[in-house]
>>> print(open('work_35.pdb').read())   # PDB, C-alpha atoms
MODEL        1
ATOM      1  CA  MET A 162      -1.036 -14.180 -36.428
ATOM      2  CA  ILE A 163       2.685 -13.446 -36.094
ATOM      3  CA  PRO A 164       3.717 -10.016 -34.732
ATOM      4  CA  ALA A 165       5.557  -7.558 -36.938
ATOM      5  CA  GLN A 166       9.332  -7.586 -36.519
ATOM      6  CA  PHE A 167      10.726  -5.575 -33.596
ATOM      7  CA  ASP A 168      13.949  -5.165 -31.646
ATOM      8  CA  TYR A 169      14.057  -6.422 -28.070
ATOM      9  CA  ALA A 170      15.806  -5.121 -24.958
ATOM     10  CA  ALA A 171      15.883  -6.708 -21.486
ATOM     11  CA  PRO A 172      17.545  -4.151 -19.186
ATOM     12  CA  ALA A 173      18.615  -5.048 -15.650
ATOM     13  CA  THR A 174      17.973  -1.628 -14.095
ATOM     14  CA  VAL A 175      15.403   1.142 -14.322
ATOM     15  CA  GLU A 176      18.088   3.464 -15.666
ATOM     16  CA  GLU A 177      18.895   1.058 -18.496
ATOM     17  CA  ALA A 178      15.192   0.718 -19.308
ATOM     18  CA  LEU A 179      14.747   4.489 -19.477
ATOM     19  CA  SER A 180      17.769   4.753 -21.754
ATOM     20  CA  ALA A 181      16.309   2.135 -24.084
ATOM     21  CA  LEU A 182      12.979   3.980 -24.198
ATOM     22  CA  ALA A 183      14.720   7.256 -24.958
ATOM     23  CA  SER A 184      16.616   5.679 -27.843
ATOM     24  CA  ALA A 185      13.413   4.591 -29.596
ATOM     25  CA  GLY A 186      11.166   7.528 -28.688
ATOM     26  CA  ASP A 187       7.434   7.011 -29.082
ATOM     27  CA  ASP A 188       8.032   3.906 -31.211
ATOM     28  CA  ALA A 189       8.842   1.717 -28.169
ATOM     29  CA  LYS A 190       6.569  -0.407 -26.014
ATOM     30  CA  VAL A 191       7.178  -1.641 -22.476
ATOM     31  CA  ILE A 192       6.319  -5.242 -21.618
ATOM     32  CA  ALA A 193       5.702  -6.294 -18.016
ATOM     33  CA  GLY A 194       3.853  -9.592 -17.628
ATOM     34  CA  GLY A 195       2.821  -9.519 -21.293
ATOM     35  CA  GLN A 196      -0.781 -10.534 -20.703
ATOM     36  CA  SER A 197      -2.118  -7.406 -22.433
ATOM     37  CA  LEU A 198       0.661  -6.464 -24.846
ATOM     38  CA  LEU A 199       1.311  -9.848 -26.450
ATOM     39  CA  PRO A 200      -2.233 -10.281 -27.835
ATOM     40  CA  VAL A 201      -2.053  -6.724 -29.207
ATOM     41  CA  LEU A 202       1.232  -7.510 -30.958
ATOM     42  CA  ARG A 203      -0.023 -10.812 -32.329
ATOM     43  CA  MET A 204      -3.089  -9.117 -33.817
ATOM     44  CA  ARG A 205      -0.819  -6.367 -35.192
ATOM     45  CA  LEU A 206      -2.889  -3.683 -33.513
ATOM     46  CA  ASN A 207       0.446  -2.132 -32.627
ATOM     47  CA  ALA A 208       3.826  -2.576 -34.284
ATOM     48  CA  PRO A 209       6.585  -1.018 -32.153
ATOM     49  CA  SER A 210      10.161  -0.890 -33.361
ATOM     50  CA  LEU A 211      11.412  -1.817 -29.871
ATOM     51  CA  VAL A 212       9.954  -3.844 -26.982
ATOM     52  CA  VAL A 213      11.547  -3.143 -23.593
ATOM     53  CA  ASP A 214      11.133  -6.114 -21.238
ATOM     54  CA  LEU A 215      11.136  -5.179 -17.520
ATOM     55  CA  SER A 216      11.195  -8.752 -16.200
ATOM     56  CA  LYS A 217      14.895  -8.668 -15.247
ATOM     57  CA  ILE A 218      14.610  -5.553 -13.051
ATOM     58  CA  GLU A 219      14.421  -7.054  -9.583
ATOM     59  CA  SER A 220      14.059  -3.659  -7.873
ATOM     60  CA  LEU A 221      10.562  -3.410  -9.350
ATOM     61  CA  ARG A 222       9.322  -6.531  -7.544
ATOM     62  CA  GLY A 223       7.957  -7.123  -4.069
ATOM     63  CA  VAL A 224       5.867  -5.659  -1.253
ATOM     64  CA  ARG A 225       7.427  -3.270   1.268
ATOM     65  CA  ASP A 226       5.934  -2.017   4.537
ATOM     66  CA  ASP A 227       6.355   1.752   4.724
ATOM     67  CA  GLY A 228       4.738   2.458   8.075
ATOM     68  CA  ASP A 229       1.279   3.743   7.243
ATOM     69  CA  ALA A 230       1.344   2.240   3.750
ATOM     70  CA  LEU A 231       2.390  -0.770   1.689
ATOM     71  CA  VAL A 232       4.529  -0.061  -1.359
ATOM     72  CA  ILE A 233       4.162  -2.613  -4.144
ATOM     73  CA  GLY A 234       6.662  -2.760  -6.992
ATOM     74  CA  ALA A 235       5.183  -2.394 -10.463
ATOM     75  CA  MET A 236       6.530  -5.792 -11.581
ATOM     76  CA  THR A 237       4.981  -7.666  -8.644
ATOM     77  CA  THR A 238       2.773 -10.447  -9.970
ATOM     78  CA  TYR A 239      -0.825 -10.958  -8.958
ATOM     79  CA  GLN A 240       0.106 -14.263  -7.340
ATOM     80  CA  SER A 241       2.822 -12.620  -5.248
ATOM     81  CA  ILE A 242       0.198 -10.199  -3.957
ATOM     82  CA  LEU A 243      -2.102 -13.079  -3.044
ATOM     83  CA  ASP A 244       0.759 -14.849  -1.280
ATOM     84  CA  ASP A 245       1.752 -11.841   0.852
ATOM     85  CA  ALA A 246       0.336 -11.861   4.394
ATOM     86  CA  SER A 247       0.751  -8.097   4.832
ATOM     87  CA  VAL A 248      -1.472  -7.410   1.817
ATOM     88  CA  HIS A 249      -4.183  -9.639   3.304
ATOM     89  CA  GLU A 250      -3.917  -7.757   6.596
ATOM     90  CA  HIS A 251      -3.782  -4.184   5.342
ATOM     91  CA  LEU A 252      -5.208  -4.188   1.781
ATOM     92  CA  LEU A 253      -7.988  -6.748   1.798
ATOM     93  CA  LEU A 254      -9.795  -5.048  -1.097
ATOM     94  CA  LEU A 255      -6.775  -5.559  -3.364
ATOM     95  CA  VAL A 256      -6.770  -9.255  -2.485
ATOM     96  CA  LYS A 257     -10.496  -9.558  -3.214
ATOM     97  CA  ALA A 258     -10.076  -7.946  -6.629
ATOM     98  CA  VAL A 259      -6.965  -9.877  -7.653
ATOM     99  CA  GLU A 260      -8.642 -13.167  -6.743
ATOM    100  CA  THR A 261     -11.161 -12.573  -9.554
ATOM    101  CA  ILE A 262      -8.586 -11.990 -12.282
ATOM    102  CA  ALA A 263      -8.487 -14.659 -14.962
ATOM    103  CA  ASP A 264      -6.882 -17.967 -13.948
ATOM    104  CA  PRO A 265      -3.813 -19.130 -11.960
ATOM    105  CA  GLN A 266      -1.573 -19.196 -15.025
ATOM    106  CA  ILE A 267      -2.267 -15.551 -15.809
ATOM    107  CA  ARG A 268      -2.038 -14.541 -12.145
ATOM    108  CA  HIS A 269       1.479 -15.981 -12.047
ATOM    109  CA  ARG A 270       2.506 -13.917 -15.104
ATOM    110  CA  GLY A 271       0.427 -10.746 -14.979
ATOM    111  CA  THR A 272       1.745  -7.816 -12.954
ATOM    112  CA  LEU A 273       0.019  -5.114 -10.937
ATOM    113  CA  GLY A 274       1.941  -2.285 -12.573
ATOM    114  CA  GLY A 275       1.429  -3.675 -16.053
ATOM    115  CA  ALA A 276      -2.337  -3.739 -15.612
ATOM    116  CA  LEU A 277      -2.470  -0.259 -14.077
ATOM    117  CA  ALA A 278      -0.281   1.247 -16.806
ATOM    118  CA  HIS A 279      -2.402  -0.472 -19.482
ATOM    119  CA  ALA A 280      -5.430   1.314 -17.973
ATOM    120  CA  ASP A 281      -8.171  -0.824 -19.465
ATOM    121  CA  PRO A 282     -11.391   0.501 -17.856
ATOM    122  CA  ALA A 283     -12.660  -3.092 -17.692
ATOM    123  CA  GLY A 284      -9.570  -4.172 -15.721
ATOM    124  CA  ASP A 285     -10.080  -5.052 -12.071
ATOM    125  CA  VAL A 286      -7.193  -3.316 -10.288
ATOM    126  CA  GLY A 287      -7.783   0.240 -11.481
ATOM    127  CA  ALA A 288     -11.007   0.856  -9.551
ATOM    128  CA  THR A 289      -9.440  -0.933  -6.593
ATOM    129  CA  ALA A 290      -6.400   1.357  -6.578
ATOM    130  CA  LEU A 291      -8.715   4.356  -6.879
ATOM    131  CA  ALA A 292     -10.884   3.229  -3.964
ATOM    132  CA  LEU A 293      -7.817   2.627  -1.801
ATOM    133  CA  GLY A 294      -6.376   6.078  -2.527
ATOM    134  CA  ALA A 295      -3.200   4.716  -4.091
ATOM    135  CA  GLN A 296      -0.297   6.909  -5.167
ATOM    136  CA  PHE A 297       1.776   6.062  -8.225
ATOM    137  CA  GLU A 298       5.531   6.566  -8.440
ATOM    138  CA  ILE A 299       6.539   7.428 -11.988
ATOM    139  CA  THR A 300      10.223   7.570 -12.914
ATOM    140  CA  GLY A 301      11.877   9.313 -15.845
ATOM    141  CA  SER A 302      15.347  10.480 -16.785
ATOM    142  CA  SER A 303      14.893  13.636 -14.695
ATOM    143  CA  GLY A 304      13.828  11.760 -11.549
ATOM    144  CA  SER A 305      10.681  10.458  -9.890
ATOM    145  CA  ARG A 306       7.305  12.023  -9.228
ATOM    146  CA  THR A 307       4.212  10.865  -7.358
ATOM    147  CA  VAL A 308       0.737  11.009  -8.888
ATOM    148  CA  PRO A 309      -2.483  10.298  -6.922
ATOM    149  CA  ALA A 310      -4.866   7.709  -8.314
ATOM    150  CA  ASP A 311      -7.528  10.246  -9.250
ATOM    151  CA  GLU A 312      -5.003  11.950 -11.565
ATOM    152  CA  PHE A 313      -3.243   8.829 -12.834
ATOM    153  CA  PHE A 314      -6.043   7.521 -15.063
ATOM    154  CA  GLN A 315      -6.626  10.048 -17.842
ATOM    155  CA  GLY A 316      -8.790   8.273 -20.402
ATOM    156  CA  LEU A 317      -9.223   5.069 -22.357
ATOM    157  CA  PHE A 318      -5.845   3.274 -22.107
ATOM    158  CA  GLU A 319      -4.290   6.601 -21.090
ATOM    159  CA  THR A 320      -2.379   7.402 -17.890
ATOM    160  CA  ALA A 321      -0.086  10.061 -16.478
ATOM    161  CA  VAL A 322       2.970   7.967 -17.470
ATOM    162  CA  GLY A 323       4.880   9.735 -20.239
ATOM    163  CA  GLU A 324       6.414   7.989 -23.257
ATOM    164  CA  ASP A 325       9.868   8.335 -21.703
ATOM    165  CA  GLU A 326       8.780   7.261 -18.199
ATOM    166  CA  LEU A 327       8.029   4.087 -16.238
ATOM    167  CA  LEU A 328       5.562   3.277 -13.494
ATOM    168  CA  THR A 329       7.892   1.906 -10.827
ATOM    169  CA  SER A 330       5.759   1.385  -7.704
ATOM    170  CA  ILE A 331       2.341   1.918  -6.160
ATOM    171  CA  ARG A 332       1.891   3.161  -2.595
ATOM    172  CA  PHE A 333      -1.305   2.004  -0.882
ATOM    173  CA  PRO A 334      -2.381   3.587   2.431
ATOM    174  CA  LYS A 335      -3.149   0.807   4.892
ATOM    175  CA  HIS A 336      -6.820  -0.009   5.435
ATOM    176  CA  THR A 337      -6.244  -2.308   8.377
ATOM    177  CA  GLY A 338      -9.462  -3.640   9.847
ATOM    178  CA  TRP A 339     -11.630  -2.452   6.961
ATOM    179  CA  GLY A 340     -14.021  -4.947   5.418
ATOM    180  CA  ALA A 341     -13.795  -5.382   1.663
ATOM    181  CA  HIS A 342     -15.520  -6.986  -1.282
ATOM    182  CA  TYR A 343     -15.167  -6.963  -5.063
ATOM    183  CA  GLU A 344     -18.483  -7.641  -6.792
ATOM    184  CA  LYS A 345     -17.737  -8.630 -10.397
ATOM    185  CA  PHE A 346     -20.472  -9.167 -12.983
ATOM    186  CA  VAL A 347     -19.507 -11.395 -15.921
ATOM    187  CA  ARG A 348     -21.247 -13.825 -18.254
ATOM    188  CA  VAL A 349     -18.548 -16.492 -18.078
ATOM    189  CA  SER A 350     -15.673 -17.184 -15.718
ATOM    190  CA  HIS A 351     -12.356 -15.389 -16.374
ATOM    191  CA  GLN A 352     -14.027 -12.731 -18.514
ATOM    192  CA  TRP A 353     -13.223  -9.025 -18.345
ATOM    193  CA  SER A 354     -15.688  -7.227 -16.081
ATOM    194  CA  ILE A 355     -18.945  -6.172 -17.703
ATOM    195  CA  VAL A 356     -19.368  -4.069 -14.566
ATOM    196  CA  ALA A 357     -17.701  -4.452 -11.170
ATOM    197  CA  VAL A 358     -17.722  -2.634  -7.841
ATOM    198  CA  ALA A 359     -14.792  -2.409  -5.422
ATOM    199  CA  ALA A 360     -15.964  -1.543  -1.903
ATOM    200  CA  THR A 361     -14.029  -1.187   1.324
ATOM    201  CA  VAL A 362     -15.873  -0.227   4.492
ATOM    202  CA  LYS A 363     -14.903   0.730   8.027
ATOM    203  CA  ALA A 364     -17.769  -0.205  10.337
ATOM    204  CA  GLU A 365     -18.192  -0.145  14.102
ATOM    205  CA  GLY A 366     -21.099  -1.724  15.922
ATOM    206  CA  GLY A 367     -22.970  -2.199  12.665
ATOM    207  CA  THR A 368     -22.633   1.492  11.722
ATOM    208  CA  ILE A 369     -20.623   2.535   8.673
ATOM    209  CA  GLN A 370     -17.942   5.047   9.659
ATOM    210  CA  GLU A 371     -16.220   5.353   6.265
ATOM    211  CA  ALA A 372     -16.656   3.825   2.829
ATOM    212  CA  ARG A 373     -14.683   3.974  -0.396
ATOM    213  CA  ILE A 374     -16.132   2.623  -3.613
ATOM    214  CA  GLY A 375     -14.583   2.207  -7.060
ATOM    215  CA  LEU A 376     -16.455   1.364 -10.268
ATOM    216  CA  THR A 377     -15.078  -0.804 -13.061
ATOM    217  CA  ASN A 378     -16.150  -0.356 -16.700
ATOM    218  CA  MET A 379     -18.537   2.507 -16.005
ATOM    219  CA  GLY A 380     -16.591   5.049 -18.063
ATOM    220  CA  ASP A 381     -13.375   5.483 -20.023
ATOM    221  CA  ARG A 382     -11.407   5.128 -16.763
ATOM    222  CA  PRO A 383     -11.974   3.804 -13.213
ATOM    223  CA  LEU A 384     -14.445   5.943 -11.256
ATOM    224  CA  ARG A 385     -15.291   6.682  -7.623
ATOM    225  CA  ALA A 386     -18.917   6.499  -6.466
ATOM    226  CA  THR A 387     -18.469   9.505  -4.184
ATOM    227  CA  SER A 388     -22.187  10.186  -3.731
ATOM    228  CA  VAL A 389     -22.657   6.659  -2.418
ATOM    229  CA  GLU A 390     -19.650   6.996  -0.115
ATOM    230  CA  LYS A 391     -21.090  10.155   1.455
ATOM    231  CA  ALA A 392     -24.573   8.681   1.775
ATOM    232  CA  LEU A 393     -23.252   5.603   3.607
ATOM    233  CA  VAL A 394     -21.464   7.463   6.419
ATOM    234  CA  GLY A 395     -23.361   7.076   9.680
ATOM    235  CA  GLN A 396     -25.800   4.533   8.259
ATOM    236  CA  GLN A 397     -26.519   1.157   9.714
ATOM    237  CA  ALA A 398     -25.268  -1.626   7.440
ATOM    238  CA  THR A 399     -28.767  -2.876   6.722
ATOM    239  CA  GLU A 400     -30.259  -3.963   3.421
ATOM    240  CA  ASP A 401     -32.636  -0.990   3.197
ATOM    241  CA  ALA A 402     -30.124   1.676   4.240
ATOM    242  CA  VAL A 403     -27.447   0.430   1.863
ATOM    243  CA  ARG A 404     -29.932   0.069  -1.002
ATOM    244  CA  THR A 405     -30.978   3.689  -0.571
ATOM    245  CA  ALA A 406     -27.373   4.907  -0.509
ATOM    246  CA  ALA A 407     -26.386   2.756  -3.497
ATOM    247  CA  ALA A 408     -29.201   4.103  -5.668
ATOM    248  CA  SER A 409     -26.955   6.934  -6.883
ATOM    249  CA  ALA A 410     -24.072   4.658  -7.940
ATOM    250  CA  ALA A 411     -24.519   5.434 -11.647
ATOM    251  CA  GLU A 412     -24.456   9.197 -11.039
ATOM    252  CA  GLY A 413     -21.843  10.899 -13.214
ATOM    253  CA  THR A 414     -20.897   7.730 -15.111
ATOM    254  CA  ASP A 415     -20.601   7.242 -18.868
ATOM    255  CA  PRO A 416     -20.440   3.473 -19.425
ATOM    256  CA  PRO A 417     -19.746   1.897 -22.818
ATOM    257  CA  SER A 418     -22.186   0.038 -24.998
ATOM    258  CA  ASP A 419     -20.947  -3.251 -26.451
ATOM    259  CA  LEU A 420     -21.969  -6.861 -27.061
ATOM    260  CA  ASN A 421     -22.175  -7.493 -23.304
ATOM    261  CA  GLY A 422     -24.699  -4.733 -22.721
ATOM    262  CA  ASP A 423     -25.511  -1.152 -23.559
ATOM    263  CA  ALA A 424     -24.833   1.859 -21.379
ATOM    264  CA  GLU A 425     -28.328   1.949 -19.869
ATOM    265  CA  TYR A 426     -28.077  -1.707 -18.884
ATOM    266  CA  ARG A 427     -24.828  -1.032 -17.049
ATOM    267  CA  ARG A 428     -26.372   1.958 -15.277
ATOM    268  CA  SER A 429     -29.272  -0.199 -14.177
ATOM    269  CA  ILE A 430     -27.170  -2.945 -12.612
ATOM    270  CA  VAL A 431     -24.432  -0.913 -10.920
ATOM    271  CA  PRO A 432     -26.648   0.090  -7.945
ATOM    272  CA  VAL A 433     -27.430  -3.590  -7.372
ATOM    273  CA  LEU A 434     -23.768  -4.569  -7.505
ATOM    274  CA  THR A 435     -22.872  -1.665  -5.223
ATOM    275  CA  ARG A 436     -25.444  -2.753  -2.644
ATOM    276  CA  ARG A 437     -24.085  -6.295  -2.702
ATOM    277  CA  ALA A 438     -20.461  -5.150  -2.444
ATOM    278  CA  VAL A 439     -21.106  -2.769   0.457
ATOM    279  CA  LEU A 440     -23.170  -5.272   2.455
ATOM    280  CA  ALA A 441     -20.530  -7.958   1.962
ATOM    281  CA  ALA A 442     -17.748  -5.543   2.955
ATOM    282  CA  ALA A 443     -19.623  -4.287   6.020
ATOM    283  CA  GLY A 444     -20.236  -7.839   7.101
ATOM    284  CA  GLY A 445     -16.555  -8.673   7.257
TER     285      GLY A 445
ENDMDL
END
>>> encode(input="work_35.pdb", output="structure tokens")
Amino acid sequence: MIPAQFDYAAPATVEEALSALASAGDDAKVIAGGQSLLPVLRMRLNAPSLVVDLSKIESLRGVRDDGDALVIGAMTTYQSILDDASVHEHLLLLVKAVETIADPQIRHRGTLGGALAHADPAGDVGATALALGAQFEITGSSGSRTVPADEFFQGLFETAVGEDELLTSIRFPKHTGWGAHYEKFVRVSHQWSIVAVAATVKAEGGTIQEARIGLTNMGDRPLRATSVEKALVGQQATEDAVRTAAASAAEGTDPPSDLNGDAEYRRSIVPVLTRRAVLAAAGG
């Protein structure tokens, strides 16, 4: 299907992009890598009057070391993240999650900020950002503000980014030396997650000192498995101890029911996936 007619703008700066958004009001859409928006336009699920393309704004690309954190520009592609040695060293969980996304062609086009702003609860970077305690820089005509991950995701495809604002960068506290694993459950390769668990663990001498766990597609937004995190602290990273802690992984969740499985099915498998993710993370 061919998209409905729309005007197109390709600004070179954030300021120009904000001006373009302001001119069209709530009838504009921002395009980053296009991997989510283009199918929506082609199916005419949305028909904006203006599409604002951020691909020419170089200031939104790249990874910057900010002392105790890495700051990643919203237009940084998945492949650029995988190619960056500092991300491998300090944000291993992000690497593990991005490696599971689609195929190389999409990873060279899709962007971190585009996926986070799209806020699909089945997307793989939302729960990862939540688990890593990311902070989101949002810029509007009146300036910039910082929103923590647990306030950024506000519902199904809804975030704290206003209609006249842009997500410009994401600040990730370094988790240097933490083990990490992203356990993704799908029927076929390259599929959206039916359920997935993002786990990063700090362990010493086989004992878990800290753990942070994000859940994918277990509600209308990414979720933290805080009860599991608390239960893991001080435990040996053994099969039995982790299984006991992971038993509460579905607590407080409200997963969807669809062709891939109903809500109860998702609740039944998330403790298993959590156990696998934590053991893999604790092991390296």
>>> resolve_selection(input="work_35.pdb", expression="the PyMOL selection byres ((chain A and resi 434) around 8)", output="list in words")
Glu344, Lys345, Phe346, Ala357, Val358, Ile430, Val431, Pro432, Val433, Thr435, Arg436, Arg437 and Ala438 of chain A
>>> residues_around(input="work_35.pdb", residues="range 328-335 of chain A", least_positions_apart="6", cutoff="8 Å", atoms="all atoms listed in the file", output="VMD selection string")
chain A and resid 221 229 to 236 251 to 252 274 278 290 293 to 300 322
>>> resolve_selection(input="work_35.pdb", expression="the PyMOL selection byres ((chain A and resi 183) around 12)", output="list in words")
Glu176, Glu177, Ala178, Leu179, Ser180, Ala181, Leu182, Ser184, Ala185, Gly186, Asp187, Asp188, Ala189, Lys190, Val191, Leu211, Val213, Gly301, Ser302, Gly323, Glu324, Asp325, Glu326 and Leu327 of chain A
>>> closest_residue(input="work_35.pdb", among="A:Val439, A:Ser429, A:Gly271, A:Gln315", to="Thr399 in chain A", atoms="only C-alpha atoms")
A:Val439
>>> resolve_selection(input="work_35.pdb", expression="the PyMOL selection byres ((chain A and resi 245-248) around 12)", output="ChimeraX atom specification")
/A:223-228,230-233,237-244,249-257,259,332-338
>>> closest_residue(input="work_35.pdb", among="A:Ala407, A:Ala402, A:Leu198, A:Ile374", to="Ala292 in chain A", atoms="all atoms listed in the file")
A:Ile374
>>> residues_around(input="work_35.pdb", residues="Thr320 in chain A", least_positions_apart="5", cutoff="10 Å", atoms="all atoms listed in the file", output="PDB file with C-alpha atoms, in the coordinates of the input")
ATOM      1  CA  LEU A 277      -2.470  -0.259 -14.077  1.00  0.00           C
ATOM      2  CA  ALA A 278      -0.281   1.247 -16.806  1.00  0.00           C
ATOM      3  CA  HIS A 279      -2.402  -0.472 -19.482  1.00  0.00           C
ATOM      4  CA  ALA A 280      -5.430   1.314 -17.973  1.00  0.00           C
ATOM      5  CA  ALA A 310      -4.866   7.709  -8.314  1.00  0.00           C
ATOM      6  CA  GLU A 312      -5.003  11.950 -11.565  1.00  0.00           C
ATOM      7  CA  PHE A 313      -3.243   8.829 -12.834  1.00  0.00           C
ATOM      8  CA  PHE A 314      -6.043   7.521 -15.063  1.00  0.00           C
ATOM      9  CA  GLN A 315      -6.626  10.048 -17.842  1.00  0.00           C
ATOM     10  CA  LEU A 328       5.562   3.277 -13.494  1.00  0.00           C
ATOM     11  CA  ARG A 382     -11.407   5.128 -16.763  1.00  0.00           C
TER      12      ARG A 382
END
>>> atom_distance(input="work_35.pdb", atom1="CA of Arg222 in chain A", atom2="CA of Ala193 in chain A")
11.1 Å
>>> residues_around(input="work_35.pdb", residues="Gly444 in chain A", least_positions_apart="6", cutoff="12 Å", atoms="all atoms listed in the file", output="PyMOL selection string")
chain A and resi 338-342+360-369+397-400+437-438
>>> write_last_selection(input="work_35.pdb", atoms="C-alpha atoms", output="short mmCIF file (atom, residue, chain, number, x, y, z; two decimals), keeping the file's coordinate frame")
data_model
loop_
_atom_site.label_atom_id
_atom_site.label_comp_id
_atom_site.auth_asym_id
_atom_site.auth_seq_id
_atom_site.Cartn_x
_atom_site.Cartn_y
_atom_site.Cartn_z
CA GLY A 338 -9.46 -3.64 9.85
CA TRP A 339 -11.63 -2.45 6.96
CA GLY A 340 -14.02 -4.95 5.42
CA ALA A 341 -13.80 -5.38 1.66
CA HIS A 342 -15.52 -6.99 -1.28
CA ALA A 360 -15.96 -1.54 -1.90
CA THR A 361 -14.03 -1.19 1.32
CA VAL A 362 -15.87 -0.23 4.49
CA LYS A 363 -14.90 0.73 8.03
CA ALA A 364 -17.77 -0.20 10.34
CA GLU A 365 -18.19 -0.14 14.10
CA GLY A 366 -21.10 -1.72 15.92
CA GLY A 367 -22.97 -2.20 12.66
CA THR A 368 -22.63 1.49 11.72
CA ILE A 369 -20.62 2.54 8.67
CA GLN A 397 -26.52 1.16 9.71
CA ALA A 398 -25.27 -1.63 7.44
CA THR A 399 -28.77 -2.88 6.72
CA GLU A 400 -30.26 -3.96 3.42
CA ARG A 437 -24.08 -6.30 -2.70
CA ALA A 438 -20.46 -5.15 -2.44
#
>>> closest_residue(input="work_35.pdb", among="A:Gly194, A:Thr377, A:Leu206, A:Val212", to="Asp285 in chain A", atoms="all atoms listed in the file")
A:Thr377
>>> axis_aligned_box(input="work_35.pdb", around="range 247-258 of chain A", padding_each_side="8 Å", output="JSON")
{"center_x": -4.9, "center_y": -6.9, "center_z": 0.0, "size_x": 27.2, "size_y": 21.5, "size_z": 29.2}
>>> atom_distance(input="work_35.pdb", atom1="CA of Gly316 in chain A", atom2="CA of Pro282 in chain A")
8.6 Å
>>> atom_distance(input="work_35.pdb", atom1="CA of Leu376 in chain A", atom2="CA of Val403 in chain A")
16.4 Å
>>> closest_residue(input="work_35.pdb", among="A:Ala386, A:Val347, A:Ala208, A:Val308", to="Ala408 in chain A", atoms="all atoms listed in the file")
A:Ala386
>>> closest_residue(input="work_35.pdb", among="A:Val349, A:Val286, A:Ala321, A:Ala359", to="Ala441 in chain A", atoms="only C-alpha atoms")
A:Ala359
